[in-house]
$ cat entry25.txt   # compact mmCIF, C-alpha atoms and all ligand atoms
# COMPACT_ATOMS: atom_id res chain seq x y z
CA MET A 1 -7.52 -11.41 -30.75
CA TYR A 2 -5.90 -9.86 -27.66
CA ALA A 3 -2.43 -10.44 -26.28
CA ASN A 4 -2.34 -12.97 -23.44
CA ARG A 5 -0.55 -10.65 -21.06
CA THR A 6 -3.72 -8.89 -19.96
CA ASN A 7 -5.93 -11.99 -19.69
CA HIS A 8 -5.28 -12.42 -15.95
CA LEU A 9 -5.99 -8.81 -14.98
CA LYS A 10 -8.99 -8.07 -12.74
CA ALA A 11 -10.44 -4.84 -11.36
CA GLU A 12 -9.61 -4.00 -7.72
CA GLY A 13 -12.32 -5.38 -5.40
CA ALA A 14 -12.76 -2.01 -3.69
CA TYR A 15 -14.13 -0.43 -6.87
CA ALA A 16 -16.72 -3.21 -7.36
CA VAL A 17 -17.99 -2.81 -3.77
CA LEU A 18 -17.99 0.99 -4.12
CA ALA A 19 -20.10 0.71 -7.28
CA LYS A 20 -22.59 -1.59 -5.50
CA ALA A 21 -22.73 0.76 -2.51
CA GLN A 22 -23.28 3.77 -4.76
CA ALA A 23 -26.14 1.98 -6.55
CA LEU A 24 -27.81 1.43 -3.14
CA GLU A 25 -27.21 5.10 -2.26
CA ALA A 26 -28.87 6.12 -5.53
CA ASP A 27 -31.93 4.18 -4.27
CA GLY A 28 -31.94 6.31 -1.12
CA ARG A 29 -30.13 3.87 1.23
CA GLU A 30 -27.66 5.28 3.77
CA ILE A 31 -24.28 3.56 3.39
CA ILE A 32 -21.24 3.83 5.68
CA HIS A 33 -18.07 3.41 3.66
CA PHE A 34 -15.09 1.35 4.80
CA GLU A 35 -14.11 -0.06 1.42
CA ILE A 36 -11.76 2.50 -0.12
CA GLY A 37 -8.15 2.91 1.03
CA GLN A 38 -8.05 6.65 0.71
CA PRO A 39 -7.48 9.33 3.40
CA ASP A 40 -10.67 11.26 4.17
CA PHE A 41 -8.64 14.46 4.70
CA ASP A 42 -8.00 17.11 2.06
CA THR A 43 -4.44 17.64 0.83
CA PHE A 44 -2.76 19.97 3.33
CA PRO A 45 -3.28 23.65 2.32
CA ASN A 46 0.43 24.53 2.06
CA VAL A 47 0.92 21.65 -0.36
CA SER A 48 -2.10 22.55 -2.49
CA MET A 49 -0.96 26.19 -2.57
CA ALA A 50 2.52 25.16 -3.71
CA GLY A 51 0.95 23.14 -6.54
CA MET A 52 -1.31 26.01 -7.58
CA ARG A 53 1.53 28.52 -7.39
CA ALA A 54 3.59 26.25 -9.61
CA ILE A 55 0.80 26.14 -12.22
CA THR A 56 0.36 29.93 -12.26
CA THR A 57 4.10 30.48 -12.58
CA GLY A 58 4.39 28.26 -15.64
CA LYS A 59 5.66 25.04 -14.07
CA THR A 60 3.60 23.15 -16.61
CA ASN A 61 6.24 21.55 -18.80
CA TYR A 62 7.79 18.15 -19.37
CA THR A 63 10.49 17.36 -16.85
CA PRO A 64 13.31 14.81 -17.01
CA PRO A 65 11.53 11.41 -17.00
CA ALA A 66 12.89 10.39 -13.58
CA GLY A 67 11.87 13.73 -12.02
CA THR A 68 13.24 17.23 -11.53
CA PRO A 69 16.72 17.36 -9.97
CA SER A 70 15.46 19.45 -7.01
CA PHE A 71 12.63 17.01 -6.24
CA ARG A 72 14.89 13.97 -6.48
CA ARG A 73 17.32 15.71 -4.13
CA ALA A 74 14.53 16.48 -1.64
CA ILE A 75 13.34 12.86 -1.73
CA ALA A 76 16.87 11.50 -1.31
CA MET A 77 17.43 13.72 1.73
CA ASP A 78 14.09 12.89 3.33
CA ALA A 79 14.37 9.14 2.71
CA SER A 80 17.99 9.04 3.94
CA ALA A 81 17.11 10.87 7.16
CA ARG A 82 13.97 8.81 7.87
CA ARG A 83 15.52 5.42 7.28
CA GLY A 84 19.01 6.16 8.55
CA ILE A 85 20.50 5.25 5.17
CA ASP A 86 22.50 7.03 2.51
CA ILE A 87 20.56 7.56 -0.72
CA SER A 88 21.81 9.64 -3.64
CA PRO A 89 19.44 11.58 -5.95
CA ALA A 90 20.55 9.32 -8.83
CA GLN A 91 18.87 6.40 -7.03
CA VAL A 92 15.52 8.20 -6.91
CA VAL A 93 12.96 7.78 -9.68
CA VAL A 94 9.79 9.89 -9.57
CA GLY A 95 6.56 8.71 -11.19
CA PRO A 96 2.83 9.37 -11.34
CA GLY A 97 1.90 7.51 -8.13
CA GLY A 98 3.50 4.69 -6.22
CA LYS A 99 2.06 2.06 -8.56
CA PRO A 100 4.53 2.73 -11.42
CA HIS A 101 7.28 1.78 -8.96
CA ILE A 102 5.72 -1.63 -8.57
CA PHE A 103 5.12 -2.06 -12.29
CA PHE A 104 8.35 -0.79 -13.84
CA PRO A 105 10.90 -2.35 -11.47
CA THR A 106 9.01 -5.66 -11.87
CA LEU A 107 9.24 -5.29 -15.67
CA ALA A 108 12.91 -4.37 -15.46
CA LEU A 109 13.81 -7.30 -13.19
CA VAL A 110 11.58 -10.26 -13.96
CA ASN A 111 12.10 -12.47 -17.01
CA PRO A 112 9.34 -14.81 -18.23
CA GLY A 113 9.28 -17.85 -15.96
CA ASP A 114 11.13 -16.19 -13.05
CA GLU A 115 9.43 -16.80 -9.71
CA VAL A 116 8.22 -13.88 -7.62
CA ILE A 117 7.27 -14.27 -3.95
CA TYR A 118 4.59 -11.88 -2.69
CA PRO A 119 2.22 -11.56 0.28
CA ASN A 120 -1.25 -13.09 0.21
CA PRO A 121 -3.50 -11.44 1.35
CA GLY A 122 -1.75 -8.55 -0.35
CA PHE A 123 -2.17 -5.48 -2.54
CA PRO A 124 -3.66 -6.85 -5.81
CA THR A 125 -1.25 -4.90 -8.03
CA TYR A 126 1.63 -7.23 -7.10
CA GLU A 127 0.07 -10.33 -8.63
CA ALA A 128 -1.24 -8.32 -11.59
CA MET A 129 2.19 -6.95 -12.47
CA ILE A 130 4.05 -10.23 -11.94
CA GLY A 131 1.68 -11.68 -14.56
CA VAL A 132 2.22 -8.83 -17.02
CA ALA A 133 5.99 -9.36 -16.73
CA GLY A 134 5.47 -13.07 -17.46
CA GLY A 135 6.74 -14.11 -14.04
CA LYS A 136 5.39 -16.98 -11.97
CA PRO A 137 3.42 -15.68 -8.98
CA VAL A 138 4.37 -17.49 -5.74
CA PRO A 139 2.04 -16.33 -2.96
CA VAL A 140 3.18 -16.69 0.67
CA PRO A 141 0.43 -16.54 3.30
CA LEU A 142 0.42 -13.83 5.94
CA VAL A 143 -0.56 -15.41 9.24
CA GLU A 144 -2.61 -13.84 11.99
CA GLU A 145 -0.60 -15.66 14.69
CA ASN A 146 2.53 -13.84 13.46
CA ASN A 147 0.90 -10.37 13.42
CA PHE A 148 0.13 -10.90 9.75
CA SER A 149 3.79 -11.20 8.83
CA PHE A 150 4.86 -13.94 6.34
CA ASP A 151 4.51 -17.57 7.39
CA LEU A 152 8.30 -17.98 7.40
CA ASP A 153 8.16 -21.79 7.20
CA VAL A 154 6.17 -21.54 3.98
CA PHE A 155 8.49 -18.76 2.78
CA ASP A 156 11.52 -20.99 3.40
CA SER A 157 9.87 -23.86 1.57
CA LEU A 158 9.10 -21.74 -1.51
CA ILE A 159 12.22 -19.64 -2.07
CA ASN A 160 14.73 -21.27 -4.42
CA GLU A 161 17.25 -20.58 -7.20
CA ARG A 162 14.44 -19.58 -9.58
CA THR A 163 13.17 -16.84 -7.24
CA LYS A 164 14.04 -13.49 -8.79
CA LEU A 165 12.10 -11.08 -6.63
CA ILE A 166 10.49 -10.99 -3.17
CA ILE A 167 7.77 -8.39 -2.63
CA ILE A 168 7.07 -7.24 0.93
CA ASN A 169 4.72 -4.57 2.26
CA SER A 170 5.02 -3.15 5.75
CA PRO A 171 2.79 -1.73 7.19
CA SER A 172 0.51 -3.89 5.12
CA ASN A 173 -2.52 -3.32 3.03
CA PRO A 174 -4.86 -5.10 3.87
CA THR A 175 -3.87 -6.14 7.40
CA GLY A 176 -2.16 -3.08 8.92
CA GLY A 177 0.54 -5.47 10.20
CA ILE A 178 4.18 -4.46 10.49
CA ILE A 179 6.90 -6.97 9.63
CA PRO A 180 9.05 -7.36 12.77
CA GLN A 181 12.79 -6.68 12.53
CA ALA A 182 13.63 -10.36 13.07
CA ASP A 183 11.46 -11.35 10.09
CA LEU A 184 13.05 -8.64 7.92
CA GLU A 185 16.44 -10.10 8.83
CA HIS A 186 15.23 -13.59 7.93
CA ILE A 187 13.92 -12.41 4.54
CA ALA A 188 17.11 -10.42 3.87
CA ALA A 189 19.32 -13.44 4.63
CA ALA A 190 17.27 -15.56 2.20
CA ALA A 191 17.40 -12.85 -0.49
CA LYS A 192 21.19 -12.77 -0.22
CA LYS A 193 21.49 -16.57 -0.16
CA TYR A 194 19.41 -16.99 -3.33
CA ASP A 195 20.68 -13.76 -4.92
CA CYS A 196 17.27 -12.19 -5.44
CA TRP A 197 15.84 -8.70 -5.37
CA VAL A 198 13.42 -7.30 -2.81
CA LEU A 199 10.67 -4.82 -3.66
CA SER A 200 9.70 -3.18 -0.38
CA ASP A 201 6.38 -1.34 -0.56
CA GLU A 202 6.74 1.27 2.19
CA ILE A 203 3.86 3.54 1.25
CA TYR A 204 2.45 3.33 4.80
CA ALA A 205 5.86 3.50 6.56
CA ARG A 206 5.02 6.76 8.36
CA ILE A 207 1.48 5.80 9.36
CA VAL A 208 2.38 3.89 12.53
CA TYR A 209 1.05 3.98 16.09
CA ASP A 210 1.75 3.35 19.75
CA GLY A 211 4.67 5.78 19.81
CA MET A 212 6.58 3.87 17.12
CA ASP A 213 9.00 5.62 14.76
CA ASP A 214 8.61 4.87 11.03
CA ALA A 215 8.26 1.15 10.25
CA PRO A 216 11.73 -0.43 9.78
CA SER A 217 13.01 -0.85 6.21
CA ILE A 218 14.75 -3.95 4.89
CA TYR A 219 16.89 -1.56 2.78
CA ALA A 220 18.79 -0.55 5.94
CA LEU A 221 20.04 -4.09 6.62
CA PRO A 222 23.63 -4.96 5.64
CA GLY A 223 24.05 -5.95 1.99
CA MET A 224 20.47 -5.04 1.06
CA ALA A 225 20.91 -1.60 -0.59
CA GLU A 226 22.26 -3.24 -3.75
CA ARG A 227 19.25 -5.56 -4.14
CA THR A 228 16.32 -3.55 -2.75
CA VAL A 229 13.76 -1.27 -4.37
CA ILE A 230 11.84 0.94 -1.96
CA MET A 231 8.44 2.00 -3.26
CA ASP A 232 6.94 5.03 -1.56
CA GLY A 233 4.74 7.99 -2.38
CA PHE A 234 2.58 10.88 -1.31
CA SER A 235 -0.94 9.40 -1.64
CA LYS A 236 -1.40 8.20 1.93
CA THR A 237 0.91 10.27 4.18
CA TYR A 238 0.00 13.59 2.55
CA ALA A 239 -3.57 12.75 1.44
CA MET A 240 -2.61 13.24 -2.23
CA THR A 241 -4.16 10.21 -3.95
CA GLY A 242 -5.48 12.19 -6.91
CA TRP A 243 -2.26 14.14 -7.52
CA ARG A 244 -0.56 10.91 -8.61
CA LEU A 245 2.87 11.28 -7.09
CA GLY A 246 5.25 8.58 -5.91
CA TYR A 247 8.82 7.40 -6.15
CA GLY A 248 11.13 4.44 -6.13
CA ILE A 249 14.59 4.19 -4.58
CA MET A 250 16.88 1.63 -6.16
CA PRO A 251 20.45 1.00 -7.33
CA GLU A 252 21.54 3.46 -10.03
CA GLU A 253 21.57 1.05 -12.99
CA LEU A 254 18.05 -0.14 -12.20
CA ALA A 255 17.00 3.52 -11.75
CA ARG A 256 18.35 4.26 -15.23
CA ARG A 257 16.34 1.38 -16.73
CA VAL A 258 13.16 2.33 -14.86
CA GLY A 259 13.73 5.92 -16.03
CA LEU A 260 13.78 4.64 -19.62
CA LEU A 261 10.52 2.74 -19.09
CA LEU A 262 9.02 6.01 -17.80
CA THR A 263 10.45 7.89 -20.80
CA HIS A 264 8.66 5.61 -23.21
CA SER A 265 5.40 5.20 -21.27
CA VAL A 266 4.33 8.27 -19.29
CA GLY A 267 7.12 10.64 -20.44
CA SER A 268 7.30 12.42 -17.11
CA THR A 269 5.33 13.27 -14.00
CA ALA A 270 3.47 16.62 -14.00
CA GLU A 271 5.94 19.40 -13.17
CA PHE A 272 3.64 21.35 -10.81
CA THR A 273 2.85 18.16 -8.91
CA GLN A 274 6.55 17.73 -8.21
CA PHE A 275 6.66 21.27 -6.79
CA ALA A 276 3.81 20.31 -4.46
CA GLY A 277 5.83 17.24 -3.47
CA ILE A 278 8.82 19.38 -2.46
CA GLU A 279 6.55 21.45 -0.21
CA ALA A 280 5.04 18.26 1.28
CA LEU A 281 8.50 16.99 2.25
CA ASN A 282 10.09 20.26 3.33
CA GLY A 283 7.06 22.07 4.80
CA ASP A 284 5.59 21.82 8.29
CA GLN A 285 5.03 18.16 9.24
CA ALA A 286 2.64 18.97 12.13
CA GLN A 287 -0.37 18.19 9.93
CA VAL A 288 0.98 14.70 9.21
CA THR A 289 1.44 14.11 12.94
CA SER A 290 -2.07 15.24 13.78
CA VAL A 291 -3.67 13.14 11.02
CA ILE A 292 -1.79 10.06 12.25
CA ALA A 293 -2.96 10.78 15.83
CA GLU A 294 -6.54 10.91 14.54
CA TYR A 295 -6.11 7.57 12.70
CA GLU A 296 -4.81 6.07 15.94
CA ARG A 297 -7.93 7.21 17.84
CA ARG A 298 -10.11 5.68 15.13
CA ARG A 299 -8.13 2.47 15.16
CA ASN A 300 -8.73 2.12 18.89
CA VAL A 301 -12.47 2.71 18.50
CA ILE A 302 -12.90 0.31 15.58
CA VAL A 303 -10.80 -2.49 17.10
CA ASP A 304 -12.64 -2.30 20.45
CA GLY A 305 -15.98 -2.11 18.64
CA LEU A 306 -15.27 -5.13 16.41
CA ASN A 307 -14.02 -7.19 19.36
CA SER A 308 -17.30 -6.49 21.18
CA LEU A 309 -19.27 -8.26 18.40
CA PRO A 310 -20.18 -11.98 18.57
CA GLY A 311 -18.16 -14.17 16.21
CA ILE A 312 -15.60 -11.46 15.38
CA THR A 313 -12.08 -11.03 16.72
CA CYS A 314 -9.75 -8.27 15.62
CA GLN A 315 -6.05 -7.73 16.23
CA LYS A 316 -4.86 -4.20 16.90
CA PRO A 317 -2.62 -3.41 13.91
CA GLN A 318 0.22 -0.97 14.41
CA GLY A 319 0.16 0.69 11.02
CA ALA A 320 -1.72 1.88 7.89
CA PHE A 321 -5.45 2.64 8.25
CA TYR A 322 -6.87 -0.86 7.89
CA VAL A 323 -8.16 -3.53 10.24
CA PHE A 324 -8.49 -7.16 9.21
CA PRO A 325 -10.98 -8.83 11.54
CA ASN A 326 -11.37 -12.61 11.71
CA ILE A 327 -14.98 -13.67 11.06
CA LYS A 328 -14.49 -17.45 10.85
CA ALA A 329 -16.69 -18.07 13.92
CA THR A 330 -19.69 -16.48 12.17
CA GLY A 331 -19.83 -19.47 9.79
CA LYS A 332 -20.05 -17.15 6.76
CA THR A 333 -17.46 -16.83 4.02
CA SER A 334 -15.83 -13.42 3.58
CA ASP A 335 -17.88 -12.80 0.44
CA GLU A 336 -21.16 -13.83 2.06
CA PHE A 337 -20.44 -11.64 5.08
CA ALA A 338 -19.49 -8.59 2.98
CA ASN A 339 -22.61 -8.86 0.80
CA TRP A 340 -24.82 -9.50 3.83
CA VAL A 341 -23.67 -6.43 5.81
CA LEU A 342 -23.97 -4.22 2.73
CA GLU A 343 -27.56 -5.35 2.10
CA GLU A 344 -28.71 -5.66 5.72
CA ALA A 345 -26.82 -2.89 7.51
CA GLY A 346 -25.67 -0.52 4.75
CA ILE A 347 -21.99 -1.07 5.59
CA ALA A 348 -19.54 -1.26 2.69
CA LEU A 349 -16.39 -3.24 3.42
CA LEU A 350 -14.21 -5.70 1.55
CA PRO A 351 -13.98 -9.47 1.80
CA GLY A 352 -10.44 -10.56 2.73
CA THR A 353 -10.46 -12.59 -0.50
CA SER A 354 -10.24 -9.34 -2.51
CA PHE A 355 -6.57 -9.61 -1.52
CA GLY A 356 -6.06 -13.28 -2.35
CA GLU A 357 -7.24 -16.73 -1.30
CA PHE A 358 -5.52 -16.61 2.11
CA GLY A 359 -7.78 -13.68 3.00
CA GLU A 360 -10.71 -16.12 3.38
CA GLY A 361 -12.28 -15.80 6.83
CA TYR A 362 -11.36 -12.11 7.13
CA LEU A 363 -12.68 -8.69 6.16
CA ARG A 364 -10.84 -5.47 5.41
CA LEU A 365 -12.15 -2.21 6.77
CA SER A 366 -10.45 1.09 5.98
CA TYR A 367 -10.99 3.37 8.95
CA ALA A 368 -10.39 6.54 6.96
CA ASN A 369 -13.83 7.54 8.23
CA SER A 370 -15.09 9.54 11.24
CA ILE A 371 -15.35 8.12 14.77
CA GLU A 372 -19.04 8.96 14.64
CA ASN A 373 -19.52 6.76 11.55
CA ILE A 374 -17.36 4.00 13.02
CA GLU A 375 -19.51 3.92 16.18
CA LYS A 376 -22.70 4.00 14.13
CA ALA A 377 -21.48 1.08 12.00
CA ILE A 378 -20.54 -0.99 15.07
CA GLY A 379 -24.06 -0.37 16.43
CA LYS A 380 -25.61 -1.55 13.16
CA LEU A 381 -23.39 -4.64 13.06
CA ALA A 382 -24.29 -5.46 16.67
CA LYS A 383 -27.97 -5.43 15.72
CA ILE A 384 -27.68 -7.86 12.80
CA LEU A 385 -25.15 -10.17 14.49
CA LYS A 386 -27.35 -10.77 17.57
C1 LIG B 401 0.10 -1.23 -0.40
C2 LIG B 401 -0.06 -0.18 -1.43
N1 LIG B 401 0.93 0.05 -2.29
C3 LIG B 401 0.82 0.97 -3.25
C4 LIG B 401 -0.31 1.72 -3.39
C5 LIG B 401 -0.36 2.70 -4.55
O1 LIG B 401 -0.51 3.98 -4.18
P1 LIG B 401 -0.41 5.21 -5.23
O2 LIG B 401 -0.22 4.67 -6.58
O3 LIG B 401 -1.67 5.97 -5.05
O4 LIG B 401 0.77 5.99 -4.76
C6 LIG B 401 -1.38 1.53 -2.52
C7 LIG B 401 -2.65 2.27 -2.68
O5 LIG B 401 -3.71 1.86 -2.31
C8 LIG B 401 -1.25 0.56 -1.50
O6 LIG B 401 -2.24 0.31 -0.63

$ encode --input "entry25.txt" --output "structure tokens"
Amino acid sequence: MYANRTNHLKAEGAYAVLAKAQALEADGREIIHFEIGQPDFDTFPNVSMAGMRAITTGKTNYTPPAGTPSFRRAIAMDASARRGIDISPAQVVVGPGGKPHIFFPTLALVNPGDEVIYPNPGFPTYEAMIGVAGGKPVPVPLVEENNFSFDLDVFDSLINERTKLIIINSPSNPTGGIIPQADLEHIAAAAKKYDCWVLSDEIYARIVYDGMDDAPSIYALPGMAERTVIMDGFSKTYAMTGWRLGYGIMPEELARRVGLLLTHSVGSTAEFTQFAGIEALNGDQAQVTSVIAEYERRRNVIVDGLNSLPGITCQKPQGAFYVFPNIKATGKTSDEFANWVLEEAGIALLPGTSFGEFGEGYLRLSYANSIENIEKAIGKLAKILK
């Protein structure tokens, strides 16, 4: 009755846990939320004002499907300066969120049967969209011993002439890990050897700690501009999840094809939202800096707190706003542990398996929550883990 191409699709785990947590809240239980990957800050006022001003001055029309020329120019300038690369506006495609720049480039590149390498544990949309395109999903484990970068031995054993696309994500959701430069070089060399594309999800590239500049991009490596798609957006850096605003950077011919997919699917991204995006990029960046400093303080508190608990060890990730603690010594599976702490301690978090089978033995906590709540949650966990 239905077409096969949606049979494999599942809801994101975070929404299922949120629904369970909200049902408990409706019964009067206090729940501390670590399940949703969404900044707990409001969109910065100058950006909201720019969006509202655009609405009241009639910026409420269709735009060219790939975005307004001035917004594409602003993105090209910002992305070129940040990554030390040379991007033209014609390579920029704007869309409603970052997700369309996973979906449409995958559709434009992957033929049925083509193999696609992607991180596991990883953002669930990758596997979902590979399936919709008819590709063969080839998960490569991220390993804790390598700061949650790819297991490169497994990567080397899986890449071959049938590999069409390699998806990478740094800093990573769900681990917060950053792919080291040497690993990027290894992946780039393999992509060139087997003539495949790379989709680099860089949505957390600016949310990095310990004095680091933006996370390095594989796009900047020699010979990679012609085979790399950068996916980026405004949801995380500018706390704009509900505005739905993101972009892809890719070679011009692919940009043209992705633009056509946008033409025939969403038409265009809201015009006033694009005006807000220009203000986000060109306005004062001090708010971004101060939000990242606050995430860093929270990261330090949550990592120290988790490491103080029996049976739990937690690496200190250098990016995004997630930690991915190892709970193998507790003897519980990820699912058992996540359900148990929700019921017993009122703490909502995600099992690592929400991000794929290699997430077993881990949990994901989003620390887009106050230090006060983080400390309270660690206290509650300490009580039930005794
Ligand atoms: C790794 C990763 N990529 C892409 C996205 C999509 O972001 P959006 O579509 O809100 O821009 C997210 C959001 O959670 C993410 O975590």

$ atom_distance --input "entry25.txt" --atom1 "atom CA of Leu24 of chain A" --atom2 "atom CA of Ile302 of chain A"
24.0 Å

$ atom_distance --input "entry25.txt" --atom1 "atom CA of Glu343 of chain A" --atom2 "atom CA of Glu30 of chain A"
10.8 Å

$ residues_around --input "entry25.txt" --residues "Arg244 of chain A" --least-positions-apart "4" --cutoff "12 Å" --atoms "all atoms listed in the file" --output "PyMOL selection string"
chain A and resi 94-100+232-236+238-240+268-274+276-277

$ atom_distance --input "entry25.txt" --atom1 "atom CA of Thr43 of chain A" --atom2 "atom CA of Ile292 of chain A"
14.0 Å

$ residues_near_ligand --input "entry25.txt" --ligand "ligand LIG 401 (chain B)" --cutoff "9 Å" --atoms "only C-alpha atoms and all ligand atoms" --output "number ranges by chain"
A: 36-38, 96-102, 122-126, 169-174, 201-204, 231-236, 240-247, 320

$ closest_residue --input "entry25.txt" --among "A:Leu9, A:Leu109, A:Ile179, A:Leu260" --to "Trp197 of chain A" --atoms "only C-alpha atoms"
A:Leu109

$ closest_residue --input "entry25.txt" --among "A:Arg162, A:Arg364, A:Arg299, A:Arg227" --to "Asn326 of chain A" --atoms "all atoms listed in the file"
A:Arg364

$ decode --input "entry25.txt" --residues "segment 39-60 of chain A" --atoms "N, CA and C atoms" --output "short mmCIF file (atom, residue, chain, number, x, y, z; two decimals), in the first residue's frame"
data_model
loop_
_atom_site.label_atom_id
_atom_site.label_comp_id
_atom_site.auth_asym_id
_atom_site.auth_seq_id
_atom_site.Cartn_x
_atom_site.Cartn_y
_atom_site.Cartn_z
N PRO A 39 19.69 24.70 22.04
CA PRO A 39 20.17 25.71 22.98
C PRO A 39 19.05 26.17 23.91
N ASP A 40 19.39 26.43 25.17
CA ASP A 40 18.37 26.91 26.12
C ASP A 40 18.40 28.44 26.19
N PHE A 41 19.02 29.09 25.21
CA PHE A 41 19.03 30.55 25.14
C PHE A 41 18.00 31.00 24.11
N ASP A 42 17.49 32.23 24.28
CA ASP A 42 16.62 32.78 23.23
C ASP A 42 17.50 33.25 22.07
N THR A 43 16.90 33.32 20.88
CA THR A 43 17.59 33.94 19.74
C THR A 43 18.05 35.33 20.16
N PHE A 44 19.26 35.71 19.75
CA PHE A 44 19.81 37.01 20.18
C PHE A 44 18.89 38.15 19.71
N PRO A 45 18.69 39.18 20.58
CA PRO A 45 17.68 40.22 20.27
C PRO A 45 17.90 40.94 18.94
N ASN A 46 19.16 41.20 18.57
CA ASN A 46 19.38 41.92 17.31
C ASN A 46 18.91 41.07 16.12
N VAL A 47 19.04 39.75 16.26
CA VAL A 47 18.64 38.86 15.17
C VAL A 47 17.11 38.79 15.09
N SER A 48 16.48 38.65 16.26
CA SER A 48 15.01 38.62 16.28
C SER A 48 14.44 39.93 15.72
N MET A 49 15.05 41.05 16.13
CA MET A 49 14.57 42.36 15.65
C MET A 49 14.70 42.45 14.13
N ALA A 50 15.81 41.97 13.60
CA ALA A 50 16.01 42.02 12.14
C ALA A 50 14.92 41.21 11.44
N GLY A 51 14.57 40.06 12.01
CA GLY A 51 13.51 39.23 11.43
C GLY A 51 12.17 39.93 11.49
N MET A 52 11.89 40.55 12.63
CA MET A 52 10.59 41.23 12.78
C MET A 52 10.50 42.45 11.86
N ARG A 53 11.63 43.19 11.80
CA ARG A 53 11.66 44.35 10.91
C ARG A 53 11.41 43.91 9.46
N ALA A 54 11.98 42.80 9.11
CA ALA A 54 11.80 42.30 7.73
C ALA A 54 10.33 41.97 7.48
N ILE A 55 9.66 41.39 8.46
CA ILE A 55 8.23 41.07 8.27
C ILE A 55 7.43 42.36 8.10
N THR A 56 7.70 43.36 8.96
CA THR A 56 6.86 44.57 8.91
C THR A 56 7.19 45.44 7.70
N THR A 57 8.33 45.17 7.06
CA THR A 57 8.62 45.95 5.85
C THR A 57 8.37 45.12 4.58
N GLY A 58 7.57 44.09 4.73
CA GLY A 58 7.09 43.38 3.53
C GLY A 58 8.05 42.35 2.96
N LYS A 59 9.02 41.92 3.76
CA LYS A 59 9.94 40.88 3.24
C LYS A 59 9.30 39.51 3.49
N THR A 60 8.17 39.32 2.84
CA THR A 60 7.35 38.13 3.11
C THR A 60 7.01 37.39 1.81
#
